[in-house]
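Participant: entry_5.txt (compact mmCIF, C-alpha atoms) pasted underneath:
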```
# COMPACT_ATOMS: atom_id res chain seq x y z
CA MET A 1 5.43 25.78 37.93
CA LYS A 2 5.42 26.35 34.23
CA SER A 3 2.72 23.82 33.58
CA GLU A 4 0.59 25.48 36.24
CA SER A 5 0.73 28.78 34.41
CA LEU A 6 -0.01 27.00 31.13
CA VAL A 7 -3.11 25.41 32.58
CA GLY A 8 -4.08 28.82 33.96
CA THR A 9 -3.93 30.49 30.55
CA TRP A 10 -5.85 27.62 28.95
CA ARG A 11 -8.54 27.89 31.57
CA GLU A 12 -8.95 31.55 30.86
CA SER A 13 -8.76 31.51 27.08
CA PRO A 14 -11.04 29.01 25.34
CA LEU A 15 -9.61 29.85 21.93
CA GLN A 16 -6.09 28.87 22.94
CA ARG A 17 -7.44 25.71 24.49
CA LEU A 18 -9.28 24.87 21.31
CA VAL A 19 -6.17 25.40 19.18
CA VAL A 20 -4.04 23.20 21.45
CA ASN A 21 -6.73 20.54 21.58
CA CYS A 22 -7.02 20.50 17.79
CA ALA A 23 -3.23 20.38 17.45
CA VAL A 24 -2.97 17.37 19.78
CA THR A 25 -5.83 15.57 18.03
CA VAL A 26 -4.53 16.22 14.53
CA GLY A 27 -0.96 15.45 15.67
CA SER A 28 -1.97 12.04 17.02
CA LEU A 29 -3.82 11.36 13.79
CA ILE A 30 -0.79 12.30 11.68
CA LEU A 31 1.39 10.05 13.84
CA CYS A 32 -1.01 7.16 13.15
CA LEU A 33 -0.96 7.95 9.42
CA LEU A 34 2.83 8.08 9.29
CA ILE A 35 3.26 4.79 11.09
CA LEU A 36 0.80 3.12 8.70
CA PRO A 37 3.23 2.29 5.82
CA THR A 38 5.90 0.95 8.19
CA ARG A 39 6.25 -2.70 9.11
CA LEU A 40 8.40 -2.53 12.20
CA PRO A 41 9.86 -5.79 13.48
CA GLY A 42 7.80 -7.05 16.40
CA MET A 43 4.80 -5.10 15.17
CA GLU A 44 3.79 -7.38 12.31
CA LEU A 45 2.30 -10.83 11.85
CA ALA A 46 2.81 -12.45 8.44
CA GLY A 47 3.58 -9.07 6.87
CA ILE A 48 0.46 -7.47 8.33
CA GLY A 49 0.67 -4.64 10.82
CA PRO A 50 -1.89 -3.15 13.21
CA ASN A 51 -4.64 -1.07 11.62
CA TRP A 52 -3.68 2.25 13.22
CA LEU A 53 -6.48 4.25 11.64
CA LEU A 54 -9.04 1.81 13.00
CA ILE A 55 -7.49 2.13 16.47
CA TRP A 56 -7.70 5.92 16.20
CA VAL A 57 -11.34 5.80 15.10
CA VAL A 58 -12.15 3.49 18.03
CA ALA A 59 -10.34 5.77 20.50
CA TRP A 60 -12.20 8.78 19.08
CA SER A 61 -15.66 7.24 18.98
CA VAL A 62 -15.65 5.55 22.38
CA ASN A 63 -16.93 8.62 24.21
CA ARG A 64 -18.65 10.38 21.35
CA THR A 65 -21.88 10.30 19.39
CA MET A 66 -22.55 8.08 16.40
CA PHE A 67 -22.45 11.07 14.07
CA GLN A 68 -19.00 12.08 15.29
CA GLY A 69 -17.80 8.49 14.91
CA ALA A 70 -19.09 8.36 11.34
CA LEU A 71 -17.45 11.70 10.55
CA ALA A 72 -14.07 10.44 11.82
CA GLY A 73 -14.53 7.32 9.69
CA LEU A 74 -15.28 9.46 6.64
CA VAL A 75 -12.23 11.69 7.11
CA LEU A 76 -9.79 8.85 7.79
CA GLY A 77 -11.29 6.73 5.03
CA LEU A 78 -10.73 9.53 2.52
CA ILE A 79 -7.11 9.87 3.62
CA GLN A 80 -6.48 6.13 3.46
CA ASP A 81 -8.04 6.03 -0.01
CA GLY A 82 -5.50 8.66 -1.04
CA MET A 83 -2.66 6.62 0.45
CA THR A 84 -3.58 3.38 -1.31
CA ALA A 85 -6.24 3.33 -4.01
CA PRO A 86 -9.80 4.65 -4.06
CA ALA A 87 -11.56 1.47 -5.18
CA PRO A 88 -12.76 -0.30 -3.10
CA THR A 89 -13.10 2.52 -0.63
CA HIS A 90 -11.96 2.45 2.99
CA ILE A 91 -14.57 5.06 3.95
CA LEU A 92 -17.30 2.48 4.40
CA SER A 93 -15.38 0.18 6.73
CA LEU A 94 -14.06 2.99 8.94
CA MET A 95 -17.49 4.65 9.14
CA VAL A 96 -19.06 1.37 10.22
CA VAL A 97 -16.34 1.07 12.87
CA GLY A 98 -16.97 4.62 14.15
CA ILE A 99 -20.74 4.17 14.31
CA LEU A 100 -20.54 0.75 15.96
CA THR A 101 -18.04 1.88 18.59
CA ALA A 102 -20.12 4.94 19.52
CA ARG A 103 -23.23 2.76 19.60
CA LEU A 104 -21.60 0.21 21.92
CA ARG A 105 -20.60 2.86 24.39
CA LYS A 106 -24.01 4.48 24.22
CA GLY A 107 -25.55 1.17 25.22
CA ARG A 108 -23.17 1.06 28.23
CA TYR A 109 -22.75 -2.63 27.71
CA ILE A 110 -19.06 -2.34 28.22
CA GLN A 111 -17.08 -0.64 30.93
CA GLU A 112 -14.39 1.78 30.03
CA ASP A 113 -10.94 0.27 30.52
CA PHE A 114 -8.02 -1.21 28.63
CA ILE A 115 -9.55 -4.61 28.19
CA SER A 116 -12.85 -3.45 26.79
CA VAL A 117 -11.15 -1.08 24.34
CA ALA A 118 -8.91 -3.95 23.20
CA LEU A 119 -12.01 -6.10 22.77
CA ILE A 120 -13.80 -3.39 20.77
CA ALA A 121 -10.71 -3.01 18.57
CA PHE A 122 -10.62 -6.77 18.00
CA GLY A 123 -14.26 -6.98 17.00
CA THR A 124 -14.29 -3.87 14.83
CA ALA A 125 -11.07 -4.91 13.04
CA VAL A 126 -12.75 -8.15 11.97
CA ILE A 127 -15.84 -6.21 10.87
CA ALA A 128 -13.77 -3.64 8.95
CA GLU A 129 -11.88 -6.31 7.01
CA THR A 130 -15.16 -8.10 6.32
CA VAL A 131 -16.67 -4.90 4.88
CA MET A 132 -13.61 -4.61 2.61
CA ALA A 133 -13.91 -8.26 1.57
CA ILE A 134 -17.60 -7.79 0.70
CA GLN A 135 -16.67 -4.80 -1.46
CA TYR A 136 -14.02 -6.88 -3.23
CA SER A 137 -16.59 -9.63 -3.79
CA PHE A 138 -18.85 -7.18 -5.61
CA GLN A 139 -15.97 -5.92 -7.71
CA ALA A 140 -15.58 -9.30 -9.48
CA ASP A 141 -11.89 -8.56 -9.91
CA ARG A 142 -10.64 -11.65 -8.07
CA SER A 143 -12.22 -14.98 -7.34
CA LEU A 144 -14.37 -15.32 -4.22
CA VAL A 145 -12.24 -18.17 -2.87
CA GLU A 146 -9.11 -16.04 -3.06
CA ILE A 147 -10.79 -13.07 -1.36
CA TRP A 148 -12.22 -15.00 1.54
CA THR A 149 -9.13 -17.13 2.25
CA TYR A 150 -7.06 -13.95 2.29
CA HIS A 151 -9.74 -12.29 4.43
CA GLN A 152 -9.33 -14.98 7.09
CA LEU A 153 -5.60 -14.34 7.29
CA ILE A 154 -5.74 -10.56 7.48
CA ALA A 155 -8.86 -10.31 9.63
CA LEU A 156 -7.27 -12.44 12.31
CA SER A 157 -3.75 -10.91 12.21
CA SER A 158 -5.04 -7.36 12.00
CA ALA A 159 -7.57 -7.97 14.81
CA ILE A 160 -4.96 -9.45 17.13
CA LEU A 161 -2.40 -6.72 16.49
CA SER A 162 -4.90 -3.87 16.56
CA SER A 163 -6.36 -5.03 19.86
CA LEU A 164 -2.90 -5.35 21.39
CA TRP A 165 -1.81 -1.88 20.27
CA ALA A 166 -5.14 -0.13 20.85
CA PRO A 167 -4.40 0.95 24.45
CA VAL A 168 -1.22 2.70 23.27
CA VAL A 169 -3.31 5.16 21.27
CA TYR A 170 -6.45 5.08 23.37
CA PHE A 171 -5.03 5.71 26.82
CA PRO A 172 -3.06 8.97 26.31
CA LEU A 173 -5.61 10.40 23.88
CA ASN A 174 -8.55 9.66 26.13
CA ARG A 175 -6.77 11.08 29.16
CA TRP A 176 -6.10 14.25 27.18
CA TRP A 177 -9.69 14.64 25.97
CA GLN A 178 -11.06 14.00 29.47
CA TRP A 179 -8.71 16.61 30.88
CA ILE A 180 -9.76 19.17 28.27
CA ASP A 181 -13.40 18.38 29.02
CA SER A 182 -12.88 18.92 32.71
CA LEU A 183 -11.21 22.27 31.99
CA GLU A 184 -14.14 23.29 29.81
CA GLN A 185 -16.66 22.49 32.48
CA GLN A 186 -14.90 24.55 35.12
CA MET B 1 -35.19 31.32 10.74
CA TYR B 2 -34.63 32.03 14.38
CA THR B 3 -34.16 28.37 15.26
CA LEU B 4 -31.73 28.03 12.41
CA ARG B 5 -29.83 31.02 13.71
CA ARG B 6 -29.74 29.61 17.20
CA TRP B 7 -28.61 26.23 15.93
CA TRP B 8 -25.81 27.90 13.99
CA ASP B 9 -24.74 29.92 17.02
CA ARG B 10 -24.56 26.82 19.12
CA HIS B 11 -22.89 24.49 16.61
CA ARG B 12 -20.87 26.97 14.60
CA LEU B 13 -17.54 25.77 15.90
CA ARG B 14 -18.31 22.11 15.38
CA VAL B 15 -19.57 22.65 11.85
CA ILE B 16 -16.49 24.67 10.93
CA LEU B 17 -14.14 22.09 12.43
CA ALA B 18 -15.95 19.18 10.80
CA SER B 19 -15.98 20.79 7.36
CA LEU B 20 -12.30 21.68 7.78
CA ALA B 21 -11.51 18.05 8.60
CA VAL B 22 -13.49 16.69 5.67
CA GLY B 23 -12.06 19.33 3.33
CA SER B 24 -8.46 18.58 4.19
CA ALA B 25 -9.12 14.84 3.97
CA LEU B 26 -10.54 15.34 0.48
CA LEU B 27 -7.51 17.41 -0.45
CA ILE B 28 -5.17 14.67 0.79
CA ARG B 29 -7.14 12.10 -1.19
CA GLN B 30 -7.06 14.13 -4.40
CA THR B 31 -3.31 14.71 -4.11
CA GLN B 32 -2.71 10.98 -3.51
CA ALA B 33 -1.52 11.78 0.01
CA THR B 34 1.51 13.65 -1.36
CA PRO B 35 2.12 15.81 1.77
CA LEU B 36 1.88 12.75 4.02
CA PHE B 37 4.37 10.73 2.01
CA GLU B 38 6.75 13.68 1.83
CA VAL B 39 6.77 13.98 5.62
CA TYR B 40 7.13 10.20 5.88
CA GLN B 41 10.14 10.22 3.57
CA LEU B 42 11.71 13.07 5.54
CA LEU B 43 11.32 11.22 8.84
CA SER B 44 12.41 7.83 7.50
CA ARG B 45 15.57 9.21 5.90
CA ALA B 46 17.58 8.40 9.03
CA PHE B 47 16.61 4.71 8.83
CA GLN B 48 17.18 4.15 5.15
CA PRO B 49 19.82 1.60 4.10
CA ASN B 50 23.09 3.03 2.92
CA LEU B 51 23.16 2.40 -0.80
CA ALA B 52 26.89 3.09 -1.20
CA LYS B 53 27.64 0.41 1.37
CA GLN B 54 25.34 -2.04 -0.41
CA ASN B 55 27.39 -1.57 -3.56
CA LEU B 56 30.61 -2.42 -1.73
CA LEU B 57 29.09 -5.57 -0.28
CA GLU B 58 28.34 -7.12 -3.63
CA SER B 59 30.76 -9.98 -3.86
CA ALA B 60 33.45 -10.49 -6.45
CA GLN B 61 31.72 -13.52 -7.89
CA ASP B 62 28.62 -11.47 -8.42
CA GLN B 63 30.76 -8.96 -10.26
CA GLU B 64 32.24 -11.68 -12.47
CA LEU B 65 28.84 -13.11 -13.39
CA ARG B 66 27.62 -9.65 -14.17
CA GLU B 67 30.53 -9.01 -16.52
CA ARG B 68 29.90 -12.26 -18.33
CA LEU B 69 26.24 -11.36 -18.63
CA THR B 70 27.10 -7.97 -20.11
CA GLU B 71 29.39 -9.70 -22.60
CA LEU B 72 26.67 -12.14 -23.63
CA GLU B 73 24.08 -9.39 -23.81
CA SER B 74 26.21 -7.32 -26.14
CA GLN B 75 26.92 -10.39 -28.30
CA ASN B 76 23.21 -11.06 -28.43
CA GLN B 77 22.57 -7.46 -29.41
CA ARG B 78 25.09 -7.71 -32.25
CA LEU B 79 23.57 -10.94 -33.53
CA ARG B 80 20.16 -9.35 -33.44
CA ALA B 81 21.50 -6.37 -35.34
CA LEU B 82 22.84 -8.77 -37.99
CA LEU B 83 19.38 -10.26 -38.29
CA GLY B 84 17.93 -6.81 -38.74
CA TYR B 85 16.11 -6.90 -35.41
CA VAL B 86 16.04 -3.46 -33.86
CA SER B 87 15.94 -3.13 -30.11
CA GLU B 88 16.56 -0.14 -27.98
CA ALA B 89 19.60 -0.07 -25.75
CA LYS B 90 19.01 -0.68 -22.04
CA LYS B 91 18.71 2.55 -20.12
CA PRO B 92 20.52 2.93 -16.81
CA GLY B 93 18.44 2.35 -13.69
CA ILE B 94 17.97 4.47 -10.59
CA LYS B 95 18.86 2.80 -7.31
CA VAL B 96 16.29 3.62 -4.62
CA PRO B 97 15.67 2.62 -1.01
CA VAL B 98 12.42 0.94 -0.01
CA VAL B 99 10.95 3.04 2.82
CA GLY B 100 7.52 1.56 3.40
CA ARG B 101 4.73 -0.76 2.42
CA SER B 102 1.07 -0.49 1.62
CA ALA B 103 -1.05 1.65 3.95
CA ASP B 104 -3.67 -1.07 4.23
CA HIS B 105 -3.81 -4.84 4.22
CA TRP B 106 -5.47 -5.53 0.90
CA TRP B 107 -3.08 -3.83 -1.49
CA GLN B 108 0.43 -5.12 -2.08
CA GLN B 109 2.42 -1.94 -2.51
CA LEU B 110 5.86 -0.51 -1.80
CA ILE B 111 6.82 3.06 -0.98
CA LEU B 112 10.17 4.01 -2.53
CA GLY B 113 12.34 6.82 -1.21
CA ARG B 114 12.83 8.64 -4.55
CA GLY B 115 10.32 10.48 -6.69
CA SER B 116 9.90 12.90 -9.53
CA ASN B 117 12.87 14.97 -8.26
CA ASP B 118 15.05 12.00 -9.21
CA ASN B 119 13.28 11.44 -12.52
CA VAL B 120 11.12 8.55 -11.40
CA LYS B 121 7.86 8.52 -13.35
CA ALA B 122 4.64 6.52 -13.22
CA GLY B 123 4.88 3.39 -15.38
CA TYR B 124 8.55 2.77 -14.67
CA VAL B 125 9.57 -0.81 -13.95
CA VAL B 126 10.95 -1.76 -10.54
CA MET B 127 13.56 -4.50 -10.23
CA ALA B 128 15.03 -5.97 -7.08
CA PRO B 129 17.83 -8.47 -6.57
CA GLY B 130 16.22 -11.54 -8.15
CA GLY B 131 13.91 -10.07 -10.74
CA VAL B 132 10.98 -7.78 -11.47
CA VAL B 133 8.90 -6.79 -8.47
CA GLY B 134 6.39 -4.32 -9.88
CA ARG B 135 5.72 -1.00 -11.49
CA VAL B 136 5.48 2.59 -10.31
CA THR B 137 1.86 3.72 -10.13
CA SER B 138 2.17 7.21 -8.68
CA VAL B 139 4.95 9.60 -7.72
CA THR B 140 5.34 12.54 -5.35
CA PRO B 141 8.42 14.81 -5.40
CA ASN B 142 10.41 12.50 -3.12
CA THR B 143 8.54 9.20 -2.92
CA SER B 144 6.90 6.83 -5.35
CA ARG B 145 4.30 4.11 -4.94
CA VAL B 146 4.83 0.71 -6.52
CA LEU B 147 2.16 -1.88 -7.29
CA LEU B 148 3.82 -5.24 -6.66
CA LEU B 149 3.48 -8.27 -8.90
CA SER B 150 2.09 -10.12 -5.90
CA ASP B 151 -1.01 -7.90 -5.86
CA PRO B 152 -4.05 -9.79 -7.21
CA SER B 153 -4.93 -6.81 -9.41
CA SER B 154 -1.61 -6.83 -11.25
CA ARG B 155 -1.58 -9.08 -14.31
CA ILE B 156 1.52 -9.55 -16.35
CA GLY B 157 2.25 -11.44 -19.55
CA ILE B 158 5.00 -14.00 -18.99
CA THR B 159 6.70 -16.75 -20.93
CA ILE B 160 8.53 -19.96 -20.04
CA SER B 161 12.14 -19.19 -21.00
CA ARG B 162 12.95 -22.75 -22.10
CA SER B 163 9.98 -23.60 -24.31
CA ARG B 164 8.61 -20.07 -25.03
CA PHE B 165 5.06 -21.04 -24.04
CA MET B 166 3.17 -17.96 -22.98
CA GLY B 167 0.55 -17.11 -20.42
CA TYR B 168 -0.32 -14.48 -17.91
CA MET B 169 0.40 -14.32 -14.21
CA ARG B 170 -1.71 -12.88 -11.44
CA GLY B 171 -0.58 -12.26 -7.88
CA GLN B 172 -1.80 -14.08 -4.81
CA SER B 173 -0.77 -11.60 -2.08
CA THR B 174 2.12 -13.92 -1.19
CA SER B 175 5.51 -14.71 -2.69
CA HIS B 176 3.76 -17.15 -5.03
CA ALA B 177 1.69 -16.31 -8.10
CA VAL B 178 -0.50 -18.25 -10.48
CA MET B 179 0.29 -18.50 -14.18
CA GLU B 180 -2.44 -19.35 -16.66
CA PHE B 181 -1.31 -20.67 -20.04
CA PHE B 182 -2.76 -19.68 -23.39
CA ASP B 183 -2.18 -23.19 -24.78
CA LYS B 184 -3.98 -26.35 -23.79
CA VAL B 185 -0.85 -28.52 -23.52
CA PRO B 186 2.15 -26.35 -22.65
CA ASP B 187 5.65 -27.76 -22.36
CA VAL B 188 6.46 -26.81 -18.81
CA ARG B 189 8.34 -28.49 -15.98
CA ARG B 190 8.99 -27.78 -12.36
CA GLY B 191 12.01 -25.47 -12.05
CA ASP B 192 11.56 -23.74 -15.41
CA VAL B 193 12.61 -20.09 -15.41
CA VAL B 194 9.87 -17.57 -16.18
CA SER B 195 10.38 -14.11 -17.66
CA THR B 196 8.20 -11.27 -18.95
CA SER B 197 6.83 -11.97 -22.43
CA THR B 198 6.99 -9.91 -25.60
CA LEU B 199 3.23 -9.46 -25.44
CA SER B 200 3.48 -7.62 -22.12
CA GLN B 201 2.87 -3.91 -22.62
CA LEU B 202 3.52 -2.75 -19.09
CA PHE B 203 6.89 -4.48 -18.75
CA PRO B 204 9.79 -4.80 -21.18
CA ALA B 205 10.27 -8.32 -22.53
CA GLY B 206 12.78 -10.80 -21.15
CA MET B 207 13.03 -9.68 -17.53
CA PRO B 208 13.33 -12.48 -14.97
CA VAL B 209 10.23 -13.04 -12.82
CA GLY B 210 10.63 -16.38 -11.05
CA ARG B 211 10.53 -20.11 -11.50
CA VAL B 212 7.81 -22.74 -11.81
CA GLU B 213 7.10 -24.52 -8.57
CA SER B 214 4.24 -26.82 -9.55
CA VAL B 215 2.14 -27.47 -12.63
CA ASN B 216 -1.53 -28.37 -12.86
CA LEU B 217 -2.31 -29.35 -16.46
CA ASN B 218 -5.82 -30.60 -15.67
CA LYS B 219 -7.04 -27.22 -14.52
CA SER B 220 -10.03 -25.87 -16.43
CA PRO B 221 -10.36 -23.65 -18.47
CA ALA B 222 -6.60 -23.33 -18.92
CA PRO B 223 -3.63 -25.19 -17.44
CA GLU B 224 -2.09 -23.44 -14.47
CA ALA B 225 1.34 -23.28 -12.89
CA THR B 226 2.39 -21.90 -9.54
CA ILE B 227 5.27 -19.48 -9.89
CA GLU B 228 7.65 -18.67 -7.08
CA LEU B 229 8.74 -15.06 -7.49
CA SER B 230 12.52 -14.89 -7.42
CA ALA B 231 12.73 -11.47 -5.78
CA PRO B 232 12.22 -11.59 -2.00
CA ILE B 233 9.12 -9.38 -2.03
CA GLY B 234 8.56 -9.77 1.70
CA PHE B 235 11.79 -8.10 2.80
CA LEU B 236 13.09 -5.68 0.21
CA GLU B 237 15.46 -2.98 1.38
CA TRP B 238 16.30 -1.39 -1.93
CA ALA B 239 15.28 -1.67 -5.54
CA VAL B 240 16.30 -0.39 -8.96
CA VAL B 241 13.85 1.61 -11.07
CA TYR B 242 14.21 1.32 -14.85
CA PRO B 243 12.67 3.83 -17.25
CA HIS B 244 9.93 2.28 -19.34
CA ASP B 245 7.34 4.00 -21.46
CA PRO B 246 4.51 1.63 -22.37
CA ALA B 247 3.47 3.89 -25.27
CA THR B 248 6.73 3.45 -27.15
CA GLN B 249 6.80 -0.31 -26.66
CA PRO B 250 6.56 -1.84 -30.15
CA VAL B 251 3.55 -4.09 -30.47
CA VAL B 252 4.48 -6.87 -32.85
CA GLU B 253 1.55 -8.52 -34.51
CA PRO B 254 1.81 -12.13 -35.66
CA GLY B 255 3.44 -12.54 -39.07
CA GLN B 256 5.05 -9.14 -38.93
CA THR B 257 8.59 -8.14 -38.04
CA PRO B 258 9.21 -4.98 -36.02
CA ASP B 259 10.72 -3.36 -39.12
CA GLN B 260 7.53 -3.65 -41.10
CA LYS B 261 5.59 -2.20 -38.24
CA SER B 262 7.78 0.90 -38.07
CA LYS B 263 7.48 1.47 -41.80
CA GLN B 264 3.71 1.59 -41.71
```
Would you give me this structure, written as structure tokens?

Facilitator:
Amino acid sequence: MKSESLVGTWRESPLQRLVVNCAVTVGSLILCLLILPTRLPGMELAGIGPNWLLIWVVAWSVNRTMFQGALAGLVLGLIQDGMTAPAPTHILSLMVVGILTARLRKGRYIQEDFISVALIAFGTAVIAETVMAIQYSFQADRSLVEIWTYHQLIALSSAILSSLWAPVVYFPLNRWWQWIDSLEQQ
Amino acid sequence: MYTLRRWWDRHRLRVILASLAVGSALLIRQTQATPLFEVYQLLSRAFQPNLAKQNLLESAQDQELRERLTELESQNQRLRALLGYVSEAKKPGIKVPVVGRSADHWWQQLILGRGSNDNVKAGYVVMAPGGVVGRVTSVTPNTSRVLLLSDPSSRIGITISRSRFMGYMRGQSTSHAVMEFFDKVPDVRRGDVVSTSTLSQLFPAGMPVGRVESVNLNKSPAPEATIELSAPIGFLEWAVVYPHDPATQPVVEPGQTPDQKSKQ
């Protein structure tokens, strides 16, 4: 009963709907950010956890334009830079992920379900770590051999874990955004 | 003008939301994610290890060894005083829980559950059971971020305790690190204990780091040794932060005693 009345008020007042939508989106993002420094048992491989920000960017960009995907990458990259260190930057890798994901969906090569989102997360995680490794290579701070052997380890672990955990973020968030969209179109 | 106006009317909301998002992200970046880490610390408080209990669990033998070490240290201090060698007394450390790790995969960092409210400052040295693990790089009111020795960007001057041959160590993102010697033919064996050297500015001298696991004397340009870090960097639950100010660290030049330096 109560939820019915809630939906009723949201249908009537777009402003309230917008505020709630923003709150849910930002809330999910904060949840991803807070879980980032943890290494929960069962959620890590060789000390490496899932890349939650990448999963969020994928979930966001799947049904959006390339520009929106890039914007999400920029925002999350800035935050991750603040949480670790600004050089080399995470903005580039996350923006590439956002743009690529939006581009893939635009092409309609892939159907929308759990498996394809997990696949996108797998591929983009490898690409994101590669972008980071290329940046490190230009920095000349460590030797190339060290960078690329370490890249193999983290690209694979992070890709496996991110693809396995991607549906956990993608499914509820996407359901929510679809529901809000359907309310808006009514 | 009219098209611009129409575009603004249509996209006003999106533009405002996007600039808000970018603005707050920039703010978070400039503040080193302080609000995020504060919330993280608040939420993780329930899961932090009980430090009082940890103290009780330390065994009696550990206690005995520690007392003997204190005795030897004070003897050493007295002998040094007789020789006219001035060294500052060891300051007490702050025991802190480890609440998190690096927020990405490339950096080797720790998040500690105490910050500037508990007098932790950037540049302080972090020890764990076993030896040095790293150094505080940034602090928020209730958390601090530590750059681990295992990070490839952290370089530290170390010395072989037995033969006093020096070199520097760089991390390898694992529990092993690589030491490069300054000398062509160092006297080093497998199992030698390694500690921070007097040339290290970021760390006080004589703190245990690890032990030599293998030696490669044929390596060019300098001989190398693989060091196994003695602190279990992969699964730390708590650490001790020691005050250390790199600026006040006396830099002793060759052929000069610390006394002469202070007189200059």

Participant: Please find the residues of chain A near chain B - the criterion being any atom within 6 Å, counting only C-alpha atoms - and write them as a PyMOL selection string.

Facilitator: chain A and resi 34+36-38+75+78-79+82-83

Participant: Under the rule that only C-alpha atoms are counted, which of B:Glu228, B:Ala122, B:Thr198, B:Met169 is the nearest residue to Asp245 of chain B?

Facilitator: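 Residue with the minimum atom-to-atom distance to Asp245 of chain B: B:Ala122.
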
Participant: What is the atom CA of Ala239 of chain B-atom CA of Leu112 of chain B distance in Å, reported with one decimal?

Facilitator: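 Distance between the two atoms: 8.2 Å.
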
Participant: Which of these, A:Met132, A:Asp181, A:Pro14, A:Leu173, has the shortest distance to Ala59 of chain A once you count only C-alpha atoms?

Facilitator: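 The answer is A:Leu173, which sits nearest to Ala59 of chain A.
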
Participant: So which residues fall inside 7 Å of (9.5, -8.9, -12.1) if we count all atoms listed in the file? Mind giving them as a list in words?

Facilitator: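 Residues lying no farther than 7 Å from the given point: Met127, Gly131, Val132, Val133, Gly134, Leu149, Met207, Pro208 and Val209 of chain B.
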